[in-house]
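Working notes for the structure below.
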Protein chains: 2
Amino acid sequence: METVGQIIRIKRESQGLLLRQVAAHLDIDQAILSKIERNERKPTKENIIKISEILNLDKDELLVQFMSDKIAYEIADEDCANRVLKVAEKKVKYLKAHSVKN
Amino acid sequence: METVGQIIRIKRESQGLLLRQVAAHLDIDQAILSKIERNERKPTKENIIKISEILNLDKDELLVQFMSDKIAYEIADEDCANRVLKVAEKKVKYLKAHSVKN
DNA sequence: TTATATTTGACACATATTGTCAAGTAAATC
DNA sequence: GATTTACTTGACAATATGTGTCAAATATAA
């Protein structure tokens, strides 16, 4: 199972790009990118979007990985993790059905 | 679809307890409890546990509601919300299988 | 060595969270 | 209609968390 960080690092290296180069495009210090790639820091949504741009990764796919990482990390140590996800799914359905449309 | 806040308020009133009384047990100001019940503030996990104690609500069930609320709220406005949950489920499975056992 | 890339940790700053407090509102009772 | 009681509201404070910088430390390679 790949983490978002691993996905990013592998792709970056396969393109022969340096931390410094990618970080410049993201407008953050390379130290942060280094940490993101090693899952020591969580990227922001903005980070993810810009990373997908410069590395030619599928933006939506990377965002899915990013958000699912966050959720999984949040609840993985709970016994009831699976129930939480099931109930969340129902609630999302409900919210989507009842939300004001854009 | 009931919110955690609604569940709490209904139970509290059914037991004839005042905000002030329950809040005292939680060791927070009643203003916060009032807001929690009306979904204007999110409870902490500690809040939830203490509320379940004083109101005789099932602790695990209330925690499930609490955590699923949080997750659903986080992602409900994303198109990919359902995919996120599916992927999160896989990640949780993976993490549980590979984590150090307590 | 020297040069280059990455990692690490201390720090700074911003934003979010969690709570207090006191004044405001609403409903019931005297 | 004044008082009491429960609840609500919003301004504020304290703290925690998130996001980033910087410079020194550590590889890695020439």
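Simple scheme: letters A, B, ... for chains in structure tokens order, numbers from 1 for residues in each chain, numbers from 1 for ligands in the order shown.
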Mobile chain A placed on reference chain B by ordered C-alpha fit, as a PDB file with N, CA and C atoms, in the first residue's frame:
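Result file follows (superposed.pdb):
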ATOM      1  N   MET A   1     -31.872  11.754   9.669  1.00  0.00           N
ATOM      2  CA  MET A   1     -30.504  11.459  10.163  1.00  0.00           C
ATOM      3  C   MET A   1     -30.166  12.350  11.352  1.00  0.00           C
ATOM      4  N   GLU A   2     -29.913  11.730  12.501  1.00  0.00           N
ATOM      5  CA  GLU A   2     -29.646  12.496  13.721  1.00  0.00           C
ATOM      6  C   GLU A   2     -28.185  12.916  13.840  1.00  0.00           C
ATOM      7  N   THR A   3     -27.965  14.115  14.287  1.00  0.00           N
ATOM      8  CA  THR A   3     -26.598  14.526  14.598  1.00  0.00           C
ATOM      9  C   THR A   3     -26.300  14.141  16.038  1.00  0.00           C
ATOM     10  N   VAL A   4     -25.026  14.154  16.367  1.00  0.00           N
ATOM     11  CA  VAL A   4     -24.633  13.847  17.735  1.00  0.00           C
ATOM     12  C   VAL A   4     -25.306  14.830  18.690  1.00  0.00           C
ATOM     13  N   GLY A   5     -25.320  16.098  18.281  1.00  0.00           N
ATOM     14  CA  GLY A   5     -25.930  17.117  19.123  1.00  0.00           C
ATOM     15  C   GLY A   5     -27.383  16.811  19.426  1.00  0.00           C
ATOM     16  N   GLN A   6     -28.124  16.418  18.411  1.00  0.00           N
ATOM     17  CA  GLN A   6     -29.534  16.103  18.615  1.00  0.00           C
ATOM     18  C   GLN A   6     -29.705  14.928  19.563  1.00  0.00           C
ATOM     19  N   ILE A   7     -28.881  13.924  19.365  1.00  0.00           N
ATOM     20  CA  ILE A   7     -28.939  12.751  20.241  1.00  0.00           C
ATOM     21  C   ILE A   7     -28.764  13.174  21.687  1.00  0.00           C
ATOM     22  N   ILE A   8     -27.789  14.032  21.914  1.00  0.00           N
ATOM     23  CA  ILE A   8     -27.480  14.465  23.274  1.00  0.00           C
ATOM     24  C   ILE A   8     -28.631  15.290  23.857  1.00  0.00           C
ATOM     25  N   ARG A   9     -29.090  16.252  23.081  1.00  0.00           N
ATOM     26  CA  ARG A   9     -30.153  17.124  23.600  1.00  0.00           C
ATOM     27  C   ARG A   9     -31.402  16.320  23.965  1.00  0.00           C
ATOM     28  N   ILE A  10     -31.818  15.476  23.059  1.00  0.00           N
ATOM     29  CA  ILE A  10     -33.017  14.674  23.303  1.00  0.00           C
ATOM     30  C   ILE A  10     -32.866  13.853  24.574  1.00  0.00           C
ATOM     31  N   LYS A  11     -31.730  13.219  24.709  1.00  0.00           N
ATOM     32  CA  LYS A  11     -31.505  12.368  25.881  1.00  0.00           C
ATOM     33  C   LYS A  11     -31.463  13.209  27.155  1.00  0.00           C
ATOM     34  N   ARG A  12     -30.779  14.325  27.096  1.00  0.00           N
ATOM     35  CA  ARG A  12     -30.679  15.191  28.275  1.00  0.00           C
ATOM     36  C   ARG A  12     -32.064  15.656  28.723  1.00  0.00           C
ATOM     37  N   GLU A  13     -32.852  16.105  27.774  1.00  0.00           N
ATOM     38  CA  GLU A  13     -34.176  16.607  28.135  1.00  0.00           C
ATOM     39  C   GLU A  13     -35.072  15.482  28.650  1.00  0.00           C
ATOM     40  N   SER A  14     -34.934  14.316  28.054  1.00  0.00           N
ATOM     41  CA  SER A  14     -35.764  13.190  28.491  1.00  0.00           C
ATOM     42  C   SER A  14     -35.450  12.816  29.932  1.00  0.00           C
ATOM     43  N   GLN A  15     -34.268  13.218  30.392  1.00  0.00           N
ATOM     44  CA  GLN A  15     -33.899  12.919  31.776  1.00  0.00           C
ATOM     45  C   GLN A  15     -34.117  14.124  32.679  1.00  0.00           C
ATOM     46  N   GLY A  16     -34.676  15.170  32.133  1.00  0.00           N
ATOM     47  CA  GLY A  16     -34.965  16.351  32.930  1.00  0.00           C
ATOM     48  C   GLY A  16     -33.736  17.035  33.489  1.00  0.00           C
ATOM     49  N   LEU A  17     -32.630  16.907  32.787  1.00  0.00           N
ATOM     50  CA  LEU A  17     -31.403  17.556  33.253  1.00  0.00           C
ATOM     51  C   LEU A  17     -31.214  18.901  32.559  1.00  0.00           C
ATOM     52  N   LEU A  18     -30.612  19.827  33.296  1.00  0.00           N
ATOM     53  CA  LEU A  18     -30.336  21.149  32.747  1.00  0.00           C
ATOM     54  C   LEU A  18     -28.943  21.185  32.123  1.00  0.00           C
ATOM     55  N   LEU A  19     -28.746  22.088  31.203  1.00  0.00           N
ATOM     56  CA  LEU A  19     -27.430  22.293  30.599  1.00  0.00           C
ATOM     57  C   LEU A  19     -26.388  22.432  31.698  1.00  0.00           C
ATOM     58  N   ARG A  20     -26.716  23.304  32.610  1.00  0.00           N
ATOM     59  CA  ARG A  20     -25.820  23.606  33.729  1.00  0.00           C
ATOM     60  C   ARG A  20     -25.379  22.357  34.486  1.00  0.00           C
ATOM     61  N   GLN A  21     -26.326  21.465  34.713  1.00  0.00           N
ATOM     62  CA  GLN A  21     -26.008  20.248  35.467  1.00  0.00           C
ATOM     63  C   GLN A  21     -25.075  19.320  34.695  1.00  0.00           C
ATOM     64  N   VAL A  22     -25.413  19.105  33.457  1.00  0.00           N
ATOM     65  CA  VAL A  22     -24.574  18.221  32.641  1.00  0.00           C
ATOM     66  C   VAL A  22     -23.200  18.848  32.419  1.00  0.00           C
ATOM     67  N   ALA A  23     -23.202  20.159  32.131  1.00  0.00           N
ATOM     68  CA  ALA A  23     -21.940  20.854  31.874  1.00  0.00           C
ATOM     69  C   ALA A  23     -21.017  20.759  33.086  1.00  0.00           C
ATOM     70  N   ALA A  24     -21.596  20.863  34.286  1.00  0.00           N
ATOM     71  CA  ALA A  24     -20.788  20.783  35.503  1.00  0.00           C
ATOM     72  C   ALA A  24     -20.056  19.448  35.553  1.00  0.00           C
ATOM     73  N   HIS A  25     -20.765  18.405  35.208  1.00  0.00           N
ATOM     74  CA  HIS A  25     -20.153  17.078  35.222  1.00  0.00           C
ATOM     75  C   HIS A  25     -19.033  16.957  34.186  1.00  0.00           C
ATOM     76  N   LEU A  26     -19.205  17.657  33.089  1.00  0.00           N
ATOM     77  CA  LEU A  26     -18.194  17.624  32.031  1.00  0.00           C
ATOM     78  C   LEU A  26     -17.029  18.539  32.357  1.00  0.00           C
ATOM     79  N   ASP A  27     -17.268  19.417  33.353  1.00  0.00           N
ATOM     80  CA  ASP A  27     -16.253  20.394  33.705  1.00  0.00           C
ATOM     81  C   ASP A  27     -16.002  21.386  32.566  1.00  0.00           C
ATOM     82  N   ILE A  28     -17.080  21.790  31.928  1.00  0.00           N
ATOM     83  CA  ILE A  28     -17.002  22.855  30.935  1.00  0.00           C
ATOM     84  C   ILE A  28     -18.151  23.823  31.171  1.00  0.00           C
ATOM     85  N   ASP A  29     -18.067  24.976  30.545  1.00  0.00           N
ATOM     86  CA  ASP A  29     -19.116  25.971  30.661  1.00  0.00           C
ATOM     87  C   ASP A  29     -20.360  25.481  29.922  1.00  0.00           C
ATOM     88  N   GLN A  30     -21.531  25.848  30.458  1.00  0.00           N
ATOM     89  CA  GLN A  30     -22.748  25.377  29.804  1.00  0.00           C
ATOM     90  C   GLN A  30     -22.907  25.958  28.405  1.00  0.00           C
ATOM     91  N   ALA A  31     -22.251  27.087  28.173  1.00  0.00           N
ATOM     92  CA  ALA A  31     -22.324  27.687  26.835  1.00  0.00           C
ATOM     93  C   ALA A  31     -21.823  26.717  25.774  1.00  0.00           C
ATOM     94  N   ILE A  32     -20.754  26.006  26.113  1.00  0.00           N
ATOM     95  CA  ILE A  32     -20.208  25.057  25.144  1.00  0.00           C
ATOM     96  C   ILE A  32     -21.180  23.917  24.908  1.00  0.00           C
ATOM     97  N   LEU A  33     -21.740  23.411  25.985  1.00  0.00           N
ATOM     98  CA  LEU A  33     -22.670  22.296  25.823  1.00  0.00           C
ATOM     99  C   LEU A  33     -23.858  22.717  24.963  1.00  0.00           C
ATOM    100  N   SER A  34     -24.332  23.923  25.224  1.00  0.00           N
ATOM    101  CA  SER A  34     -25.426  24.450  24.413  1.00  0.00           C
ATOM    102  C   SER A  34     -25.048  24.428  22.932  1.00  0.00           C
ATOM    103  N   LYS A  35     -23.824  24.861  22.661  1.00  0.00           N
ATOM    104  CA  LYS A  35     -23.388  24.903  21.267  1.00  0.00           C
ATOM    105  C   LYS A  35     -23.196  23.509  20.693  1.00  0.00           C
ATOM    106  N   ILE A  36     -22.689  22.618  21.507  1.00  0.00           N
ATOM    107  CA  ILE A  36     -22.514  21.233  21.036  1.00  0.00           C
ATOM    108  C   ILE A  36     -23.862  20.650  20.630  1.00  0.00           C
ATOM    109  N   GLU A  37     -24.861  20.885  21.464  1.00  0.00           N
ATOM    110  CA  GLU A  37     -26.168  20.304  21.184  1.00  0.00           C
ATOM    111  C   GLU A  37     -26.786  20.876  19.909  1.00  0.00           C
ATOM    112  N   ARG A  38     -26.426  22.118  19.602  1.00  0.00           N
ATOM    113  CA  ARG A  38     -26.964  22.707  18.374  1.00  0.00           C
ATOM    114  C   ARG A  38     -25.958  22.633  17.225  1.00  0.00           C
ATOM    115  N   ASN A  39     -24.964  21.782  17.379  1.00  0.00           N
ATOM    116  CA  ASN A  39     -23.959  21.555  16.328  1.00  0.00           C
ATOM    117  C   ASN A  39     -23.230  22.829  15.920  1.00  0.00           C
ATOM    118  N   GLU A  40     -23.076  23.710  16.886  1.00  0.00           N
ATOM    119  CA  GLU A  40     -22.367  24.934  16.584  1.00  0.00           C
ATOM    120  C   GLU A  40     -20.905  24.800  16.986  1.00  0.00           C
ATOM    121  N   ARG A  41     -20.642  23.847  17.842  1.00  0.00           N
ATOM    122  CA  ARG A  41     -19.296  23.510  18.247  1.00  0.00           C
ATOM    123  C   ARG A  41     -19.152  22.004  18.199  1.00  0.00           C
ATOM    124  N   LYS A  42     -17.938  21.557  17.859  1.00  0.00           N
ATOM    125  CA  LYS A  42     -17.706  20.119  17.897  1.00  0.00           C
ATOM    126  C   LYS A  42     -17.218  19.720  19.274  1.00  0.00           C
ATOM    127  N   PRO A  43     -17.773  18.658  19.822  1.00  0.00           N
ATOM    128  CA  PRO A  43     -17.292  18.172  21.116  1.00  0.00           C
ATOM    129  C   PRO A  43     -15.914  17.551  20.949  1.00  0.00           C
ATOM    130  N   THR A  44     -15.174  17.492  22.040  1.00  0.00           N
ATOM    131  CA  THR A  44     -13.935  16.722  22.010  1.00  0.00           C
ATOM    132  C   THR A  44     -14.293  15.274  22.328  1.00  0.00           C
ATOM    133  N   LYS A  45     -13.356  14.405  22.123  1.00  0.00           N
ATOM    134  CA  LYS A  45     -13.571  12.991  22.442  1.00  0.00           C
ATOM    135  C   LYS A  45     -13.861  12.852  23.933  1.00  0.00           C
ATOM    136  N   GLU A  46     -13.131  13.598  24.734  1.00  0.00           N
ATOM    137  CA  GLU A  46     -13.354  13.577  26.181  1.00  0.00           C
ATOM    138  C   GLU A  46     -14.785  14.014  26.520  1.00  0.00           C
ATOM    139  N   ASN A  47     -15.224  15.104  25.890  1.00  0.00           N
ATOM    140  CA  ASN A  47     -16.604  15.565  26.065  1.00  0.00           C
ATOM    141  C   ASN A  47     -17.564  14.416  25.826  1.00  0.00           C
ATOM    142  N   ILE A  48     -17.402  13.759  24.713  1.00  0.00           N
ATOM    143  CA  ILE A  48     -18.307  12.669  24.309  1.00  0.00           C
ATOM    144  C   ILE A  48     -18.329  11.560  25.356  1.00  0.00           C
ATOM    145  N   ILE A  49     -17.164  11.192  25.818  1.00  0.00           N
ATOM    146  CA  ILE A  49     -17.084  10.096  26.797  1.00  0.00           C
ATOM    147  C   ILE A  49     -17.826  10.470  28.073  1.00  0.00           C
ATOM    148  N   LYS A  50     -17.589  11.686  28.559  1.00  0.00           N
ATOM    149  CA  LYS A  50     -18.246  12.105  29.798  1.00  0.00           C
ATOM    150  C   LYS A  50     -19.744  12.272  29.600  1.00  0.00           C
ATOM    151  N   ILE A  51     -20.134  12.761  28.443  1.00  0.00           N
ATOM    152  CA  ILE A  51     -21.556  12.905  28.160  1.00  0.00           C
ATOM    153  C   ILE A  51     -22.237  11.536  28.170  1.00  0.00           C
ATOM    154  N   SER A  52     -21.577  10.566  27.563  1.00  0.00           N
ATOM    155  CA  SER A  52     -22.177   9.225  27.527  1.00  0.00           C
ATOM    156  C   SER A  52     -22.347   8.687  28.937  1.00  0.00           C
ATOM    157  N   GLU A  53     -21.418   9.026  29.815  1.00  0.00           N
ATOM    158  CA  GLU A  53     -21.505   8.570  31.207  1.00  0.00           C
ATOM    159  C   GLU A  53     -22.708   9.174  31.917  1.00  0.00           C
ATOM    160  N   ILE A  54     -22.766  10.492  31.887  1.00  0.00           N
ATOM    161  CA  ILE A  54     -23.810  11.136  32.685  1.00  0.00           C
ATOM    162  C   ILE A  54     -25.190  10.934  32.096  1.00  0.00           C
ATOM    163  N   LEU A  55     -25.292  10.766  30.790  1.00  0.00           N
ATOM    164  CA  LEU A  55     -26.614  10.608  30.166  1.00  0.00           C
ATOM    165  C   LEU A  55     -26.969   9.148  29.904  1.00  0.00           C
ATOM    166  N   ASN A  56     -26.082   8.252  30.344  1.00  0.00           N
ATOM    167  CA  ASN A  56     -26.351   6.833  30.097  1.00  0.00           C
ATOM    168  C   ASN A  56     -26.573   6.521  28.626  1.00  0.00           C
ATOM    169  N   LEU A  57     -25.713   7.084  27.821  1.00  0.00           N
ATOM    170  CA  LEU A  57     -25.721   6.733  26.404  1.00  0.00           C
ATOM    171  C   LEU A  57     -24.598   5.733  26.167  1.00  0.00           C
ATOM    172  N   ASP A  58     -24.763   4.907  25.162  1.00  0.00           N
ATOM    173  CA  ASP A  58     -23.724   3.922  24.858  1.00  0.00           C
ATOM    174  C   ASP A  58     -22.480   4.639  24.353  1.00  0.00           C
ATOM    175  N   LYS A  59     -21.410   4.488  25.100  1.00  0.00           N
ATOM    176  CA  LYS A  59     -20.204   5.240  24.800  1.00  0.00           C
ATOM    177  C   LYS A  59     -19.681   4.973  23.395  1.00  0.00           C
ATOM    178  N   ASP A  60     -19.548   3.712  23.052  1.00  0.00           N
ATOM    179  CA  ASP A  60     -18.985   3.382  21.739  1.00  0.00           C
ATOM    180  C   ASP A  60     -19.875   3.885  20.612  1.00  0.00           C
ATOM    181  N   GLU A  61     -21.164   3.736  20.809  1.00  0.00           N
ATOM    182  CA  GLU A  61     -22.092   4.203  19.782  1.00  0.00           C
ATOM    183  C   GLU A  61     -21.969   5.715  19.587  1.00  0.00           C
ATOM    184  N   LEU A  62     -21.885   6.434  20.703  1.00  0.00           N
ATOM    185  CA  LEU A  62     -21.788   7.893  20.613  1.00  0.00           C
ATOM    186  C   LEU A  62     -20.465   8.307  19.967  1.00  0.00           C
ATOM    187  N   LEU A  63     -19.418   7.564  20.275  1.00  0.00           N
ATOM    188  CA  LEU A  63     -18.123   7.862  19.663  1.00  0.00           C
ATOM    189  C   LEU A  63     -18.156   7.615  18.153  1.00  0.00           C
ATOM    190  N   VAL A  64     -18.845   6.549  17.773  1.00  0.00           N
ATOM    191  CA  VAL A  64     -18.983   6.283  16.335  1.00  0.00           C
ATOM    192  C   VAL A  64     -19.708   7.438  15.662  1.00  0.00           C
ATOM    193  N   GLN A  65     -20.774   7.903  16.287  1.00  0.00           N
ATOM    194  CA  GLN A  65     -21.514   9.023  15.725  1.00  0.00           C
ATOM    195  C   GLN A  65     -20.638  10.266  15.642  1.00  0.00           C
ATOM    196  N   PHE A  66     -19.894  10.488  16.681  1.00  0.00           N
ATOM    197  CA  PHE A  66     -19.008  11.651  16.762  1.00  0.00           C
ATOM    198  C   PHE A  66     -17.958  11.625  15.648  1.00  0.00           C
ATOM    199  N   MET A  67     -17.287  10.500  15.520  1.00  0.00           N
ATOM    200  CA  MET A  67     -16.215  10.408  14.526  1.00  0.00           C
ATOM    201  C   MET A  67     -16.758  10.415  13.107  1.00  0.00           C
ATOM    202  N   SER A  68     -17.880   9.751  12.901  1.00  0.00           N
ATOM    203  CA  SER A  68     -18.440   9.726  11.544  1.00  0.00           C
ATOM    204  C   SER A  68     -18.967  11.109  11.165  1.00  0.00           C
ATOM    205  N   ASP A  69     -19.515  11.819  12.118  1.00  0.00           N
ATOM    206  CA  ASP A  69     -19.902  13.209  11.895  1.00  0.00           C
ATOM    207  C   ASP A  69     -18.720  14.002  11.366  1.00  0.00           C
ATOM    208  N   LYS A  70     -17.613  13.875  12.083  1.00  0.00           N
ATOM    209  CA  LYS A  70     -16.432  14.657  11.744  1.00  0.00           C
ATOM    210  C   LYS A  70     -15.968  14.362  10.319  1.00  0.00           C
ATOM    211  N   ILE A  71     -15.904  13.079  10.005  1.00  0.00           N
ATOM    212  CA  ILE A  71     -15.434  12.686   8.673  1.00  0.00           C
ATOM    213  C   ILE A  71     -16.414  13.137   7.603  1.00  0.00           C
ATOM    214  N   ALA A  72     -17.691  12.902   7.849  1.00  0.00           N
ATOM    215  CA  ALA A  72     -18.697  13.258   6.847  1.00  0.00           C
ATOM    216  C   ALA A  72     -18.645  14.761   6.569  1.00  0.00           C
ATOM    217  N   TYR A  73     -18.515  15.514   7.627  1.00  0.00           N
ATOM    218  CA  TYR A  73     -18.468  16.968   7.497  1.00  0.00           C
ATOM    219  C   TYR A  73     -17.244  17.390   6.685  1.00  0.00           C
ATOM    220  N   GLU A  74     -16.146  16.672   6.911  1.00  0.00           N
ATOM    221  CA  GLU A  74     -14.880  16.978   6.252  1.00  0.00           C
ATOM    222  C   GLU A  74     -14.971  16.834   4.738  1.00  0.00           C
ATOM    223  N   ILE A  75     -15.665  15.822   4.279  1.00  0.00           N
ATOM    224  CA  ILE A  75     -15.576  15.473   2.857  1.00  0.00           C
ATOM    225  C   ILE A  75     -16.892  15.568   2.095  1.00  0.00           C
ATOM    226  N   ALA A  76     -17.965  15.931   2.776  1.00  0.00           N
ATOM    227  CA  ALA A  76     -19.291  15.871   2.141  1.00  0.00           C
ATOM    228  C   ALA A  76     -19.374  16.727   0.891  1.00  0.00           C
ATOM    229  N   ASP A  77     -18.605  17.806   0.848  1.00  0.00           N
ATOM    230  CA  ASP A  77     -18.710  18.692  -0.301  1.00  0.00           C
ATOM    231  C   ASP A  77     -17.765  18.317  -1.437  1.00  0.00           C
ATOM    232  N   GLU A  78     -17.072  17.221  -1.292  1.00  0.00           N
ATOM    233  CA  GLU A  78     -16.187  16.758  -2.359  1.00  0.00           C
ATOM    234  C   GLU A  78     -16.944  15.810  -3.282  1.00  0.00           C
ATOM    235  N   ASP A  79     -16.703  15.957  -4.571  1.00  0.00           N
ATOM    236  CA  ASP A  79     -17.335  15.047  -5.517  1.00  0.00           C
ATOM    237  C   ASP A  79     -16.905  13.611  -5.256  1.00  0.00           C
ATOM    238  N   CYS A  80     -15.646  13.480  -4.841  1.00  0.00           N
ATOM    239  CA  CYS A  80     -15.064  12.155  -4.731  1.00  0.00           C
ATOM    240  C   CYS A  80     -15.225  11.548  -3.350  1.00  0.00           C
ATOM    241  N   ALA A  81     -16.154  12.102  -2.572  1.00  0.00           N
ATOM    242  CA  ALA A  81     -16.311  11.670  -1.174  1.00  0.00           C
ATOM    243  C   ALA A  81     -16.405  10.159  -1.036  1.00  0.00           C
ATOM    244  N   ASN A  82     -17.202   9.553  -1.864  1.00  0.00           N
ATOM    245  CA  ASN A  82     -17.385   8.108  -1.724  1.00  0.00           C
ATOM    246  C   ASN A  82     -16.129   7.329  -2.040  1.00  0.00           C
ATOM    247  N   ARG A  83     -15.415   7.765  -3.057  1.00  0.00           N
ATOM    248  CA  ARG A  83     -14.151   7.099  -3.367  1.00  0.00           C
ATOM    249  C   ARG A  83     -13.184   7.264  -2.216  1.00  0.00           C
ATOM    250  N   VAL A  84     -13.179   8.434  -1.630  1.00  0.00           N
ATOM    251  CA  VAL A  84     -12.279   8.677  -0.504  1.00  0.00           C
ATOM    252  C   VAL A  84     -12.552   7.660   0.608  1.00  0.00           C
ATOM    253  N   LEU A  85     -13.834   7.440   0.894  1.00  0.00           N
ATOM    254  CA  LEU A  85     -14.185   6.507   1.963  1.00  0.00           C
ATOM    255  C   LEU A  85     -13.782   5.085   1.599  1.00  0.00           C
ATOM    256  N   LYS A  86     -13.990   4.724   0.371  1.00  0.00           N
ATOM    257  CA  LYS A  86     -13.596   3.369  -0.066  1.00  0.00           C
ATOM    258  C   LYS A  86     -12.090   3.162   0.087  1.00  0.00           C
ATOM    259  N   VAL A  87     -11.337   4.135  -0.362  1.00  0.00           N
ATOM    260  CA  VAL A  87      -9.872   4.009  -0.280  1.00  0.00           C
ATOM    261  C   VAL A  87      -9.428   4.021   1.176  1.00  0.00           C
ATOM    262  N   ALA A  88     -10.084   4.875   1.977  1.00  0.00           N
ATOM    263  CA  ALA A  88      -9.750   4.929   3.403  1.00  0.00           C
ATOM    264  C   ALA A  88      -9.968   3.568   4.043  1.00  0.00           C
ATOM    265  N   GLU A  89     -11.038   2.907   3.622  1.00  0.00           N
ATOM    266  CA  GLU A  89     -11.351   1.586   4.177  1.00  0.00           C
ATOM    267  C   GLU A  89     -10.222   0.601   3.883  1.00  0.00           C
ATOM    268  N   LYS A  90      -9.741   0.636   2.667  1.00  0.00           N
ATOM    269  CA  LYS A  90      -8.628  -0.253   2.316  1.00  0.00           C
ATOM    270  C   LYS A  90      -7.386   0.070   3.141  1.00  0.00           C
ATOM    271  N   LYS A  91      -7.153   1.364   3.310  1.00  0.00           N
ATOM    272  CA  LYS A  91      -5.957   1.769   4.053  1.00  0.00           C
ATOM    273  C   LYS A  91      -6.054   1.370   5.509  1.00  0.00           C
ATOM    274  N   VAL A  92      -7.250   1.497   6.080  1.00  0.00           N
ATOM    275  CA  VAL A  92      -7.436   1.098   7.469  1.00  0.00           C
ATOM    276  C   VAL A  92      -7.165  -0.395   7.620  1.00  0.00           C
ATOM    277  N   LYS A  93      -7.699  -1.168   6.683  1.00  0.00           N
ATOM    278  CA  LYS A  93      -7.449  -2.622   6.704  1.00  0.00           C
ATOM    279  C   LYS A  93      -5.961  -2.885   6.694  1.00  0.00           C
ATOM    280  N   TYR A  94      -5.273  -2.192   5.793  1.00  0.00           N
ATOM    281  CA  TYR A  94      -3.837  -2.381   5.654  1.00  0.00           C
ATOM    282  C   TYR A  94      -3.104  -2.008   6.938  1.00  0.00           C
ATOM    283  N   LEU A  95      -3.479  -0.850   7.474  1.00  0.00           N
ATOM    284  CA  LEU A  95      -2.802  -0.379   8.688  1.00  0.00           C
ATOM    285  C   LEU A  95      -3.035  -1.328   9.853  1.00  0.00           C
ATOM    286  N   LYS A  96      -4.278  -1.783   9.981  1.00  0.00           N
ATOM    287  CA  LYS A  96      -4.594  -2.702  11.083  1.00  0.00           C
ATOM    288  C   LYS A  96      -3.786  -3.988  10.952  1.00  0.00           C
ATOM    289  N   ALA A  97      -3.665  -4.487   9.728  1.00  0.00           N
ATOM    290  CA  ALA A  97      -2.951  -5.738   9.505  1.00  0.00           C
ATOM    291  C   ALA A  97      -1.457  -5.595   9.780  1.00  0.00           C
ATOM    292  N   HIS A  98      -0.929  -4.389   9.548  1.00  0.00           N
ATOM    293  CA  HIS A  98       0.520  -4.214   9.656  1.00  0.00           C
ATOM    294  C   HIS A  98       0.988  -3.454  10.889  1.00  0.00           C
ATOM    295  N   SER A  99       0.052  -3.034  11.704  1.00  0.00           N
ATOM    296  CA  SER A  99       0.470  -2.240  12.866  1.00  0.00           C
ATOM    297  C   SER A  99       1.073  -3.137  13.930  1.00  0.00           C
ATOM    298  N   VAL A 100       1.878  -2.519  14.773  1.00  0.00           N
ATOM    299  CA  VAL A 100       2.416  -3.230  15.927  1.00  0.00           C
ATOM    300  C   VAL A 100       1.258  -3.491  16.892  1.00  0.00           C
ATOM    301  N   LYS A 101       1.124  -4.709  17.305  1.00  0.00           N
ATOM    302  CA  LYS A 101       0.033  -5.031  18.232  1.00  0.00           C
ATOM    303  C   LYS A 101       0.327  -4.490  19.637  1.00  0.00           C
ATOM    304  N   ASN A 102      -0.726  -4.022  20.301  1.00  0.00           N
ATOM    305  CA  ASN A 102      -0.553  -3.508  21.687  1.00  0.00           C
ATOM    306  C   ASN A 102      -0.307  -4.675  22.645  1.00  0.00           C
TER     307      ASN A 102
END
Should the cut-off be 10 Å, what would the residue list for chain D against chain A look like, counting only C-alpha atoms (C1' of nucleotides), as a CSV table (one decimal) with C-alpha atoms (C1' of nucleotides), in the first residue's frame?
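Everything below was put into iface37.csv:
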chain,number,residue,atom,x,y,z
D,18,DG,C1',-0.5,23.5,11.4
D,19,DT,C1',2.6,25.5,8.1
D,20,DG,C1',6.6,27.3,7.0
D,21,DT,C1',11.8,29.2,7.4
D,22,DC,C1',16.5,28.6,8.3
- Nearest residue to chain B from the set C:DA3, C:DA28, C:DC21, C:DA14 (distances using only C-alpha atoms (C1' of nucleotides)):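 When distances to chain B are compared using only C-alpha atoms (C1' of nucleotides), the smallest one comes from C:DC21.
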Give me, as JSON lines, each residue of chain C that comes within 9 Å of chain A, together with its shortest interatomic pair and the distance in Å at one decimal, counting only C-alpha atoms (C1' of nucleotides), with rows ordered by chain and rising residue number.
{"residue": "C:DA5", "atom": "C1'", "partner": "A:Leu18", "partner_atom": "CA", "distance": 7.7}
{"residue": "C:DT6", "atom": "C1'", "partner": "A:Ser34", "partner_atom": "CA", "distance": 7.5}
{"residue": "C:DT7", "atom": "C1'", "partner": "A:Ser34", "partner_atom": "CA", "distance": 7.5}
{"residue": "C:DT8", "atom": "C1'", "partner": "A:Ala31", "partner_atom": "CA", "distance": 8.9}
For the residues in that selection, give me N, CA and C atoms (P, O5', C5', C4', C3', O3' and C1' of nucleotides) as a CSV table (one decimal), in the first residue's frame.
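Listing of part.csv after writing:
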chain,number,residue,atom,x,y,z
C,5,DA,P,22.3,19.3,-6.7
C,5,DA,O5',21.8,18.3,-5.6
C,5,DA,C5',21.8,16.9,-5.9
C,5,DA,C4',21.2,16.2,-4.7
C,5,DA,C3',19.8,16.7,-4.3
C,5,DA,O3',18.9,15.5,-4.3
C,5,DA,C1',21.3,16.6,-2.4
C,6,DT,P,17.4,15.7,-3.8
C,6,DT,O5',17.6,15.4,-2.3
C,6,DT,C5',18.2,14.2,-1.9
C,6,DT,C4',18.3,14.1,-0.4
C,6,DT,C3',17.0,14.3,0.3
C,6,DT,O3',16.8,13.1,1.1
C,6,DT,C1',18.8,15.5,1.3
C,7,DT,P,15.5,12.8,2.0
C,7,DT,O5',16.1,13.3,3.4
C,7,DT,C5',17.2,12.7,4.0
C,7,DT,C4',17.5,13.2,5.3
C,7,DT,C3',16.4,13.3,6.3
C,7,DT,O3',16.8,12.6,7.5
C,7,DT,C1',17.5,15.4,6.2
C,8,DT,P,15.8,12.3,8.7
C,8,DT,O5',16.1,13.4,9.7
C,8,DT,C5',17.4,13.7,10.1
C,8,DT,C4',17.5,14.9,10.9
C,8,DT,C3',16.3,15.2,11.9
C,8,DT,O3',16.8,15.0,13.2
C,8,DT,C1',16.9,17.2,10.8
